[in-house]
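my_file-v9.cif (mmCIF, C-alpha atoms) appears below.
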data_final
#
loop_
_atom_site.group_PDB
_atom_site.id
_atom_site.type_symbol
_atom_site.label_atom_id
_atom_site.label_comp_id
_atom_site.auth_asym_id
_atom_site.auth_seq_id
_atom_site.Cartn_x
_atom_site.Cartn_y
_atom_site.Cartn_z
ATOM 1 C CA MET F 8 7.121 2.670 -4.264
ATOM 2 C CA TYR F 9 6.842 -1.098 -4.397
ATOM 3 C CA ASP F 10 4.626 -1.023 -1.319
ATOM 4 C CA PHE F 11 2.387 1.632 -2.857
ATOM 5 C CA HIS F 12 2.067 0.327 -6.406
ATOM 6 C CA CYS F 13 2.682 -3.381 -6.135
ATOM 7 C CA ALA F 14 2.248 -4.745 -2.609
ATOM 8 C CA GLY F 15 -1.535 -4.379 -2.663
ATOM 9 C CA CYS F 16 -1.803 -7.454 -4.839
ATOM 10 C CA HIS F 17 1.644 -9.028 -4.860
ATOM 11 C CA LEU F 18 1.983 -8.410 -1.126
ATOM 12 C CA GLU F 19 4.882 -6.910 0.778
ATOM 13 C CA ASP F 20 6.792 -10.155 0.852
ATOM 14 C CA GLY F 21 6.161 -10.666 -2.860
ATOM 15 C CA THR F 22 4.462 -14.014 -2.422
ATOM 16 C CA GLY F 23 1.294 -13.097 -4.313
ATOM 17 C CA LEU F 24 -2.017 -14.857 -3.699
ATOM 18 C CA GLY F 25 -2.986 -18.353 -4.806
ATOM 19 C CA GLU F 26 -3.345 -18.536 -8.552
ATOM 20 C CA ILE F 27 -4.698 -15.001 -8.690
ATOM 21 C CA TYR F 28 -1.634 -12.827 -8.251
ATOM 22 C CA PRO F 29 1.697 -14.417 -9.164
ATOM 23 C CA PRO F 30 4.629 -14.125 -6.791
ATOM 24 C CA LEU F 31 7.414 -11.702 -7.514
ATOM 25 C CA THR F 32 9.926 -13.669 -5.520
ATOM 26 C CA LYS F 33 12.825 -15.265 -7.350
ATOM 27 C CA SER F 34 11.476 -17.575 -10.004
ATOM 28 C CA ASP F 35 12.265 -18.922 -13.450
ATOM 29 C CA TYR F 36 9.802 -16.451 -14.905
ATOM 30 C CA VAL F 37 11.500 -13.482 -13.293
ATOM 31 C CA LEU F 38 14.991 -14.571 -14.238
ATOM 32 C CA ASN F 39 14.007 -15.309 -17.837
ATOM 33 C CA ASN F 40 11.898 -12.220 -18.362
ATOM 34 C CA ILE F 41 13.475 -9.485 -16.287
ATOM 35 C CA ARG F 42 13.833 -7.231 -19.348
ATOM 36 C CA ASP F 43 10.028 -7.414 -19.821
ATOM 37 C CA PHE F 44 9.383 -6.051 -16.378
ATOM 38 C CA ALA F 45 9.715 -2.414 -17.373
ATOM 39 C CA CYS F 46 6.767 -2.822 -19.740
ATOM 40 C CA ILE F 47 4.831 -5.000 -17.318
ATOM 41 C CA ILE F 48 5.124 -2.378 -14.613
ATOM 42 C CA SER F 49 4.323 0.440 -16.983
ATOM 43 C CA THR F 50 1.550 -0.962 -19.163
ATOM 44 C CA GLY F 51 0.480 -4.106 -17.346
ATOM 45 C CA ILE F 52 0.216 -7.639 -18.665
ATOM 46 C CA SER F 53 -2.568 -10.071 -19.482
ATOM 47 C CA GLY F 54 -2.938 -13.582 -20.754
ATOM 48 C CA GLU F 55 -1.476 -16.884 -19.669
ATOM 49 C CA ILE F 56 1.855 -17.025 -17.937
ATOM 50 C CA THR F 57 3.501 -19.765 -15.928
ATOM 51 C CA VAL F 58 5.416 -18.925 -12.782
ATOM 52 C CA ASP F 59 7.040 -21.641 -10.700
ATOM 53 C CA GLY F 60 4.889 -24.267 -12.358
ATOM 54 C CA LYS F 61 1.602 -22.478 -11.691
ATOM 55 C CA GLN F 62 -0.620 -21.078 -14.412
ATOM 56 C CA TYR F 63 -1.881 -17.527 -14.202
ATOM 57 C CA ASN F 64 -4.328 -15.928 -16.564
ATOM 58 C CA GLY F 65 -5.379 -12.595 -15.277
ATOM 59 C CA GLU F 66 -5.002 -8.998 -16.187
ATOM 60 C CA MET F 67 -2.591 -6.742 -14.415
ATOM 61 C CA PRO F 68 -3.236 -3.040 -14.750
ATOM 62 C CA GLY F 69 -0.284 -0.839 -15.710
ATOM 63 C CA ASN F 70 1.074 2.114 -13.817
ATOM 64 C CA LYS F 71 1.202 4.754 -16.495
ATOM 65 C CA GLY F 72 2.032 7.467 -13.987
ATOM 66 C CA LEU F 73 5.444 5.980 -13.202
ATOM 67 C CA ASN F 74 8.466 7.483 -14.932
ATOM 68 C CA THR F 75 11.560 5.598 -16.069
ATOM 69 C CA VAL F 76 13.525 6.438 -12.936
ATOM 70 C CA GLU F 77 10.758 5.107 -10.744
ATOM 71 C CA ILE F 78 10.383 1.952 -12.810
ATOM 72 C CA THR F 79 14.117 1.311 -12.673
ATOM 73 C CA ASN F 80 14.041 1.769 -8.928
ATOM 74 C CA ILE F 81 11.167 -0.647 -8.467
ATOM 75 C CA ILE F 82 12.884 -3.364 -10.511
ATOM 76 C CA ASN F 83 16.119 -2.901 -8.621
ATOM 77 C CA TYR F 84 14.221 -2.920 -5.321
ATOM 78 C CA MET F 85 12.739 -6.285 -6.259
ATOM 79 C CA ASN F 86 16.126 -7.574 -7.418
ATOM 80 C CA HIS F 87 17.625 -6.675 -4.074
ATOM 81 C CA THR F 88 14.738 -7.562 -1.745
ATOM 82 C CA PHE F 89 13.763 -10.797 -3.418
ATOM 83 C CA ASP F 90 17.322 -11.850 -4.077
ATOM 84 C CA TYR F 91 17.210 -12.278 -7.834
ATOM 85 C CA GLY F 92 20.987 -12.022 -7.893
ATOM 86 C CA LEU F 93 20.986 -10.074 -11.118
ATOM 87 C CA ALA F 94 23.070 -7.049 -11.964
ATOM 88 C CA PRO F 95 21.139 -3.868 -11.170
ATOM 89 C CA LEU F 96 19.225 -2.542 -14.139
ATOM 90 C CA GLN F 97 20.513 0.697 -15.579
ATOM 91 C CA LEU F 98 18.268 3.592 -16.495
ATOM 92 C CA HIS F 99 19.232 3.514 -20.157
ATOM 93 C CA GLU F 100 18.349 -0.190 -20.310
ATOM 94 C CA VAL F 101 14.890 0.527 -18.919
ATOM 95 C CA VAL F 102 14.408 3.352 -21.409
ATOM 96 C CA LYS F 103 15.244 0.950 -24.221
ATOM 97 C CA ASP F 104 12.925 -1.736 -22.844
ATOM 98 C CA LEU F 105 10.055 0.706 -22.624
ATOM 99 C CA GLU F 106 10.389 1.589 -26.278
ATOM 100 C CA LYS F 107 9.425 -1.949 -27.137
ATOM 101 C CA CYS F 108 6.285 -2.280 -25.022
ATOM 102 C CA PRO F 109 3.404 -3.982 -26.809
ATOM 103 C CA GLU F 110 0.278 -1.979 -27.435
ATOM 104 C CA VAL F 111 -2.253 -2.772 -24.773
ATOM 105 C CA THR F 112 -5.944 -2.560 -25.550
ATOM 106 C CA ARG F 113 -8.298 -2.425 -22.634
ATOM 107 C CA GLU F 114 -12.063 -2.779 -22.570
ATOM 108 C CA MET C 10 -32.175 -29.762 55.205
ATOM 109 C CA ARG C 11 -32.167 -31.884 52.046
ATOM 110 C CA THR C 12 -32.792 -28.881 49.733
ATOM 111 C CA TYR C 13 -29.938 -27.063 51.441
ATOM 112 C CA LEU C 14 -27.605 -29.982 50.710
ATOM 113 C CA VAL C 15 -28.686 -30.197 47.089
ATOM 114 C CA ALA C 16 -28.229 -26.456 46.666
ATOM 115 C CA THR C 17 -24.729 -26.658 48.140
ATOM 116 C CA ILE C 18 -23.772 -29.492 45.853
ATOM 117 C CA ILE C 19 -25.094 -27.643 42.835
ATOM 118 C CA SER C 20 -23.185 -24.505 43.816
ATOM 119 C CA ILE C 21 -19.953 -26.407 44.259
ATOM 120 C CA VAL C 22 -20.335 -28.173 40.942
ATOM 121 C CA THR C 23 -21.120 -24.874 39.206
ATOM 122 C CA ILE C 24 -18.160 -23.127 40.771
ATOM 123 C CA CYS C 25 -15.847 -25.941 39.757
ATOM 124 C CA ALA C 26 -17.246 -25.928 36.236
ATOM 125 C CA CYS C 27 -16.780 -22.171 35.994
ATOM 126 C CA GLN C 28 -13.207 -22.348 37.166
ATOM 127 C CA GLN C 29 -12.396 -24.963 34.550
ATOM 128 C CA GLN C 30 -13.801 -22.689 31.852
ATOM 129 C CA SER C 31 -11.108 -20.839 29.976
ATOM 130 C CA LYS C 32 -11.725 -17.328 28.726
ATOM 131 C CA VAL C 33 -15.167 -16.849 27.208
ATOM 132 C CA LEU C 34 -15.437 -14.605 24.165
ATOM 133 C CA PRO C 35 -17.681 -11.556 24.559
ATOM 134 C CA LYS C 36 -20.747 -10.976 22.432
ATOM 135 C CA TYR C 37 -20.220 -7.748 20.549
ATOM 136 C CA GLY C 38 -22.785 -5.115 19.750
ATOM 137 C CA PHE C 39 -25.595 -3.363 21.524
ATOM 138 C CA THR C 40 -27.883 -5.376 23.692
ATOM 139 C CA ASP C 41 -31.633 -5.072 23.975
ATOM 140 C CA VAL C 42 -33.812 -5.981 26.875
ATOM 141 C CA VAL C 43 -37.005 -7.693 25.788
ATOM 142 C CA ASP C 44 -39.436 -8.965 28.414
ATOM 143 C CA GLY C 45 -36.713 -8.928 30.981
ATOM 144 C CA ASP C 46 -34.311 -10.955 28.818
ATOM 145 C CA THR C 47 -31.118 -9.460 27.518
ATOM 146 C CA ILE C 48 -30.885 -9.995 23.786
ATOM 147 C CA ASN C 49 -27.434 -9.697 22.285
ATOM 148 C CA HIS C 50 -26.808 -8.150 18.908
ATOM 149 C CA THR C 51 -27.563 -10.847 16.356
ATOM 150 C CA ILE C 52 -26.906 -11.068 12.642
ATOM 151 C CA PRO C 53 -30.370 -10.701 11.085
ATOM 152 C CA PRO C 54 -31.773 -13.392 8.772
ATOM 153 C CA PHE C 55 -30.114 -13.394 5.380
ATOM 154 C CA GLU C 56 -30.081 -15.329 2.134
ATOM 155 C CA PHE C 57 -27.261 -15.147 -0.363
ATOM 156 C CA ILE C 58 -25.934 -17.346 -3.163
ATOM 157 C CA ASN C 59 -22.475 -18.880 -3.140
ATOM 158 C CA GLN C 60 -20.038 -19.709 -5.932
ATOM 159 C CA ASP C 61 -21.870 -22.974 -6.628
ATOM 160 C CA SER C 62 -25.237 -21.215 -6.837
ATOM 161 C CA GLN C 63 -26.186 -22.754 -3.518
ATOM 162 C CA LEU C 64 -28.354 -20.772 -1.165
ATOM 163 C CA VAL C 65 -26.528 -19.780 2.014
ATOM 164 C CA SER C 66 -28.561 -18.359 4.855
ATOM 165 C CA ASN C 67 -28.321 -17.760 8.552
ATOM 166 C CA LYS C 68 -30.269 -21.006 8.917
ATOM 167 C CA SER C 69 -27.861 -23.054 6.810
ATOM 168 C CA LEU C 70 -24.966 -21.640 8.843
ATOM 169 C CA SER C 71 -26.573 -22.263 12.217
ATOM 170 C CA ASP C 72 -24.573 -25.433 12.845
ATOM 171 C CA PHE C 73 -21.308 -23.677 12.193
ATOM 172 C CA ILE C 74 -19.119 -20.944 13.513
ATOM 173 C CA TYR C 75 -17.857 -18.872 10.657
ATOM 174 C CA VAL C 76 -15.135 -16.426 9.755
ATOM 175 C CA SER C 77 -16.348 -13.675 7.443
ATOM 176 C CA ASP C 78 -15.216 -10.610 5.557
ATOM 177 C CA PHE C 79 -16.319 -8.218 2.826
ATOM 178 C CA PHE C 80 -14.357 -7.817 -0.370
ATOM 179 C CA PHE C 81 -14.579 -7.545 -4.111
ATOM 180 C CA ILE C 82 -12.566 -9.328 -6.763
ATOM 181 C CA SER C 83 -11.088 -6.255 -8.488
ATOM 182 C CA CYS C 84 -9.928 -4.803 -5.202
ATOM 183 C CA PRO C 85 -6.374 -3.534 -5.644
ATOM 184 C CA THR C 86 -5.605 -2.400 -2.154
ATOM 185 C CA ILE C 87 -6.459 -4.360 0.968
ATOM 186 C CA CYS C 88 -8.308 -7.448 -0.224
ATOM 187 C CA PRO C 89 -5.335 -9.573 -1.263
ATOM 188 C CA LYS C 90 -3.741 -8.911 2.114
ATOM 189 C CA VAL C 91 -6.907 -9.827 3.972
ATOM 190 C CA LYS C 92 -7.366 -12.966 1.871
ATOM 191 C CA LYS C 93 -3.798 -13.989 2.568
ATOM 192 C CA GLN C 94 -4.373 -13.722 6.290
ATOM 193 C CA MET C 95 -7.677 -15.531 5.999
ATOM 194 C CA LEU C 96 -5.849 -18.327 4.214
ATOM 195 C CA LYS C 97 -3.697 -18.740 7.316
ATOM 196 C CA ILE C 98 -6.829 -19.154 9.405
ATOM 197 C CA TYR C 99 -8.294 -21.463 6.762
ATOM 198 C CA ASP C 100 -5.206 -23.684 6.783
ATOM 199 C CA LYS C 101 -5.453 -23.987 10.547
ATOM 200 C CA TYR C 102 -9.087 -25.077 10.559
ATOM 201 C CA GLU C 103 -9.319 -26.820 7.213
ATOM 202 C CA ASP C 104 -10.110 -30.128 8.900
ATOM 203 C CA GLU C 105 -12.419 -28.748 11.553
ATOM 204 C CA PRO C 106 -15.944 -29.355 10.239
ATOM 205 C CA MET C 107 -17.599 -26.793 12.499
ATOM 206 C CA VAL C 108 -15.650 -23.875 11.019
ATOM 207 C CA LYS C 109 -16.732 -22.231 7.766
ATOM 208 C CA PHE C 110 -15.506 -19.193 5.884
ATOM 209 C CA VAL C 111 -17.841 -16.637 4.333
ATOM 210 C CA SER C 112 -16.679 -13.838 2.044
ATOM 211 C CA HIS C 113 -19.300 -11.367 0.817
ATOM 212 C CA THR C 114 -18.743 -9.378 -2.350
ATOM 213 C CA ILE C 115 -19.649 -5.711 -2.208
ATOM 214 C CA ASP C 116 -19.520 -5.580 -6.002
ATOM 215 C CA PRO C 117 -22.277 -8.075 -6.934
ATOM 216 C CA LYS C 118 -22.596 -6.474 -10.370
ATOM 217 C CA ARG C 119 -19.146 -7.605 -11.478
ATOM 218 C CA ASP C 120 -18.621 -10.452 -9.035
ATOM 219 C CA ASP C 121 -21.292 -12.845 -10.238
ATOM 220 C CA VAL C 122 -21.408 -16.583 -9.500
ATOM 221 C CA PRO C 123 -18.991 -17.624 -12.277
ATOM 222 C CA ALA C 124 -16.515 -14.892 -11.283
ATOM 223 C CA LEU C 125 -16.679 -15.961 -7.645
ATOM 224 C CA LYS C 126 -16.249 -19.590 -8.628
ATOM 225 C CA GLU C 127 -13.140 -18.750 -10.616
ATOM 226 C CA PHE C 128 -11.793 -16.704 -7.729
ATOM 227 C CA ALA C 129 -12.384 -19.500 -5.228
ATOM 228 C CA THR C 130 -10.742 -22.039 -7.508
ATOM 229 C CA LYS C 131 -7.711 -19.844 -8.084
ATOM 230 C CA LEU C 132 -7.425 -19.165 -4.391
ATOM 231 C CA GLY C 133 -7.243 -22.921 -3.970
ATOM 232 C CA VAL C 134 -9.953 -23.444 -1.354
ATOM 233 C CA ASP C 135 -12.732 -25.989 -0.844
ATOM 234 C CA ASP C 136 -16.043 -24.627 -2.173
ATOM 235 C CA ASP C 137 -17.895 -26.349 0.598
ATOM 236 C CA LYS C 138 -15.741 -24.813 3.305
ATOM 237 C CA TRP C 139 -15.290 -21.256 2.067
ATOM 238 C CA TYR C 140 -18.381 -19.631 0.615
ATOM 239 C CA PHE C 141 -18.069 -16.615 -1.674
ATOM 240 C CA LEU C 142 -21.440 -14.930 -1.515
ATOM 241 C CA THR C 143 -23.264 -12.606 -3.840
ATOM 242 C CA GLY C 144 -26.835 -11.376 -3.835
ATOM 243 C CA ASN C 145 -28.882 -8.253 -3.459
ATOM 244 C CA LYS C 146 -26.519 -5.305 -3.142
ATOM 245 C CA ALA C 147 -28.561 -3.387 -0.580
ATOM 246 C CA GLU C 148 -28.865 -6.471 1.588
ATOM 247 C CA ILE C 149 -25.145 -7.095 1.458
ATOM 248 C CA TYR C 150 -24.327 -3.510 2.400
ATOM 249 C CA ASP C 151 -26.895 -3.611 5.203
ATOM 250 C CA ILE C 152 -25.522 -6.776 6.662
ATOM 251 C CA ALA C 153 -21.961 -5.433 6.471
ATOM 252 C CA ASP C 154 -23.124 -3.058 9.167
ATOM 253 C CA ASP C 155 -24.253 -5.916 11.372
ATOM 254 C CA TYR C 156 -20.835 -7.459 11.034
ATOM 255 C CA PHE C 157 -19.334 -4.118 12.050
ATOM 256 C CA ASN C 158 -17.854 -3.733 8.637
ATOM 257 C CA ILE C 159 -18.059 -0.733 6.394
ATOM 258 C CA ALA C 160 -18.866 -0.939 2.709
ATOM 259 C CA ILE C 161 -19.379 2.148 0.586
ATOM 260 C CA GLU C 162 -19.572 2.654 -3.131
ATOM 261 C CA ASP C 163 -17.245 5.557 -3.759
ATOM 262 C CA GLU C 164 -16.158 6.721 -7.182
ATOM 263 C CA SER C 165 -13.042 8.308 -5.829
ATOM 264 C CA ALA C 166 -11.872 5.137 -4.095
ATOM 265 C CA PRO C 167 -9.575 2.685 -5.914
ATOM 266 C CA GLU C 168 -11.815 0.652 -8.244
ATOM 267 C CA GLY C 169 -14.859 2.421 -6.870
ATOM 268 C CA PHE C 170 -15.417 0.811 -3.481
ATOM 269 C CA ASP C 171 -14.325 1.677 -0.009
ATOM 270 C CA HIS C 172 -14.518 -0.873 2.720
ATOM 271 C CA SER C 173 -12.863 -2.008 5.882
ATOM 272 C CA GLY C 174 -10.783 -5.154 6.094
ATOM 273 C CA LYS C 175 -12.172 -6.570 9.282
ATOM 274 C CA ILE C 176 -12.400 -10.309 9.721
ATOM 275 C CA ILE C 177 -15.319 -11.327 11.925
ATOM 276 C CA LEU C 178 -16.036 -14.479 13.902
ATOM 277 C CA THR C 179 -19.712 -15.333 14.349
ATOM 278 C CA ASP C 180 -21.123 -18.103 16.507
ATOM 279 C CA ARG C 181 -23.968 -20.535 15.870
ATOM 280 C CA GLN C 182 -26.524 -18.172 17.323
ATOM 281 C CA GLY C 183 -25.491 -15.306 15.032
ATOM 282 C CA HIS C 184 -23.561 -13.382 17.642
ATOM 283 C CA VAL C 185 -20.321 -11.645 16.724
ATOM 284 C CA ARG C 186 -17.719 -13.043 19.105
ATOM 285 C CA ALA C 187 -14.389 -11.822 17.782
ATOM 286 C CA PHE C 188 -12.914 -9.639 15.083
ATOM 287 C CA CYS C 189 -9.552 -8.433 13.925
ATOM 288 C CA GLU C 190 -8.030 -6.164 11.343
ATOM 289 C CA GLY C 191 -7.416 -8.395 8.335
ATOM 290 C CA THR C 192 -4.582 -6.256 7.059
ATOM 291 C CA ASP C 193 -2.553 -6.744 10.228
ATOM 292 C CA PRO C 194 -0.654 -10.058 10.223
ATOM 293 C CA ASP C 195 0.118 -9.595 13.922
ATOM 294 C CA ALA C 196 -3.578 -9.669 14.767
ATOM 295 C CA ILE C 197 -4.125 -13.084 13.248
ATOM 296 C CA PRO C 198 -2.592 -15.364 15.926
ATOM 297 C CA GLN C 199 -4.972 -13.946 18.549
ATOM 298 C CA PHE C 200 -7.902 -14.344 16.185
ATOM 299 C CA ILE C 201 -6.913 -17.957 15.565
ATOM 300 C CA LYS C 202 -6.896 -18.468 19.338
ATOM 301 C CA ASP C 203 -10.349 -16.888 19.536
ATOM 302 C CA VAL C 204 -11.672 -19.371 16.976
ATOM 303 C CA SER C 205 -10.350 -22.183 19.184
ATOM 304 C CA THR C 206 -11.922 -20.636 22.244
ATOM 305 C CA LEU C 207 -15.275 -20.454 20.514
ATOM 306 C CA LEU C 208 -14.971 -24.033 19.289
ATOM 307 C CA ASP C 209 -14.336 -25.114 22.866
ATOM 308 C CA GLU C 210 -17.593 -23.488 23.902
ATOM 309 C CA TYR C 211 -19.467 -25.916 21.698
ATOM 310 C CA THR C 212 -17.361 -28.985 22.094
ATOM 311 C CA GLN C 213 -16.863 -28.748 25.820
ATOM 312 C CA SER C 214 -20.429 -27.989 26.851
ATOM 313 C CA PRO C 215 -22.258 -30.890 28.494
#
Spell out the structure here as structure tokens.
Amino acid sequence: MYDFHCAGCHLEDGTGLGEIYPPLTKSDYVLNNIRDFACIISTGISGEITVDGKQYNGEMPGNKGLNTVEITNIINYMNHTFDYGLAPLQLHEVVKDLEKCPEVTRE
Amino acid sequence: MRTYLVATIISIVTICACQQQSKVLPKYGFTDVVDGDTINHTIPPFEFINQDSQLVSNKSLSDFIYVSDFFFISCPTICPKVKKQMLKIYDKYEDEPMVKFVSHTIDPKRDDVPALKEFATKLGVDDDKWYFLTGNKAEIYDIADDYFNIAIEDESAPEGFDHSGKIILTDRQGHVRAFCEGTDPDAIPQFIKDVSTLLDEYTQSP
């Protein structure tokens, strides 16, 4: 699922591209914001963020078609593959996180 | 007698020179025979604008060998992968003045000069080394053909465009000399070697 929904831009090894697509490899941003990832994956994210000292200011489209199980699996895949070292996210935690997603307006 | 000697010497020198030559890259595409001369497939004259609003044409590129591809900024599928591989090639030849990089957008409507400039800056490359070109859409699509690339506007494709991820190497005479699949990281080392081989052709000629 990661390969299908995420690797196009963030690449299979998660390293991203320049200052266009941020990396998904272990970083301060990931470790500090892991509970935001459910919303990021589901509804996307835009605006300025800093990852590993680099500034990003793009717009990531969401993946509305993904259900909570799939989102949980993707986050845990990243945790495992990119070595975040965090405890695996539980489904009920993802459900809770998704309830708090910000409204996203798109042009 | 004298002519025979001269001819022999010339033959020997030529044979030695040929044996010292490493592999020569082919010239891809159909050939034409005009007035008895074989004409190789050549990139036709073109004029596009780069991210600094500078005109880039076949003439302005005639002193360089260049690595090119076709992409668009909002491309969600193959473009980031291709760009990543192109960056590897770019890093290798960053300090080689004869090598340039040329990326053509197949979405000139959205990818205007400022958008391309922002993209180039974020990618972290030298604007004078890697040109991001925009221009007349029909001309870009036509020339994609000459570079053996495919570019199609297709509503059902992700973000509306379908295109191949080939990376092409073109020489100073506008002949396509090498290509590879930009989405395949394993194809890049050979392509990098091909760039070197082509460079040798220009730097090692008498």
- [ ] Determine, counting only C-alpha atoms, every residue of protein, DNA or RNA that lies within 12 Å of (-5.9, -5.4, -12.8) in the file coordinates, then give the result as a ChimeraX atom specification.
- [x] /F:12-13,15-17,27-28,47-48,50-54,64-70,113-114 /C:82-86,167-168
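The smallest atom-to-atom distance between chain F and any of C:Val42, C:Ile74, C:Leu207, C:Ile87, using all atoms listed in the file, is found for C:Ile87.
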Task: Residue members of the PyMOL selection byres ((chain C and resi 191) around 10) in the file shown, as a PyMOL selection string - done: chain C and resi 78+87-95+173-177+188-190+192-197+200
TODO: Find the residues near Phe80 in chain C: any atom within 7 Å, counting only C-alpha atoms, skip ones fewer than 5 places away on the same chain, and give them as an NGL selection string.
DONE: :C and (88 or 112-115)
Task: Residue with smallest distance to chain F - pool C:Gln213, C:Lys202, C:Ile152, C:Leu96, counting all atoms listed in the file - done: C:Leu96
- [ ] List the residues sitting within 8 Å of (-20.1, -26.4, 13.0) in the file's frame, using only C-alpha atoms, as a ChimeraX atom specification.
- [x] /C:70-74,106-109,181
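Taking only C-alpha atoms into account, chain F lies nearest to C:Leu132 out of the set C:Val33, C:Ala153, C:Leu142, C:Leu132.
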- [ ] Grab the CA of Val102 in chain F to CA of Glu77 in chain F distance for me, in Å with one decimal place.
- [x] 11.4 Å
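Between CA of His87 in chain F and CA of Val37 in chain F lies a distance of 13.0 Å.
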Task: Nearest-residue call for chain F, choices C:Thr130, C:Thr206, C:Thr179, C:Thr143, using all atoms listed in the file - done: C:Thr130
Enclose range 156-167 of chain C, meaning all of its atoms listed in the file, in a box aligned along x, y and z, pad it by 4 Å on each side, and list the centre and edge lengths in Å to one decimal, as lines of an AutoDock Vina configuration file.
center_x = -15.2
center_y = 0.4
center_z = 2.4
size_x = 19.3
size_y = 23.8
size_z = 27.2
- [ ] Apply the PyMOL selection byres ((chain F and resi 82) around 9) to the displayed file and report the matching residues as a count of residues only.
- [x] 17
Task: Residues in the PyMOL selection byres ((chain C and resi 147) around 12), expressed as an MDAnalysis selection string - done: chainID C and resid 55 57 114:118 143:146 148:154 160:162
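Residue neighbourhood of Ile56 in chain F, excluding near-sequence residues (fewer than 5 positions): F:Pro29, F:Tyr36, F:Lys61, F:Gln62, F:Tyr63, F:Asn64, F:Gly65, at 10 Å, using all atoms listed in the file.
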Open item on the list: Calculated over only C-alpha atoms, which of the candidates C:Leu208, C:Ala166, C:Ile58, C:Ala129 has the smallest distance to chain F?
Closed with: C:Ala129
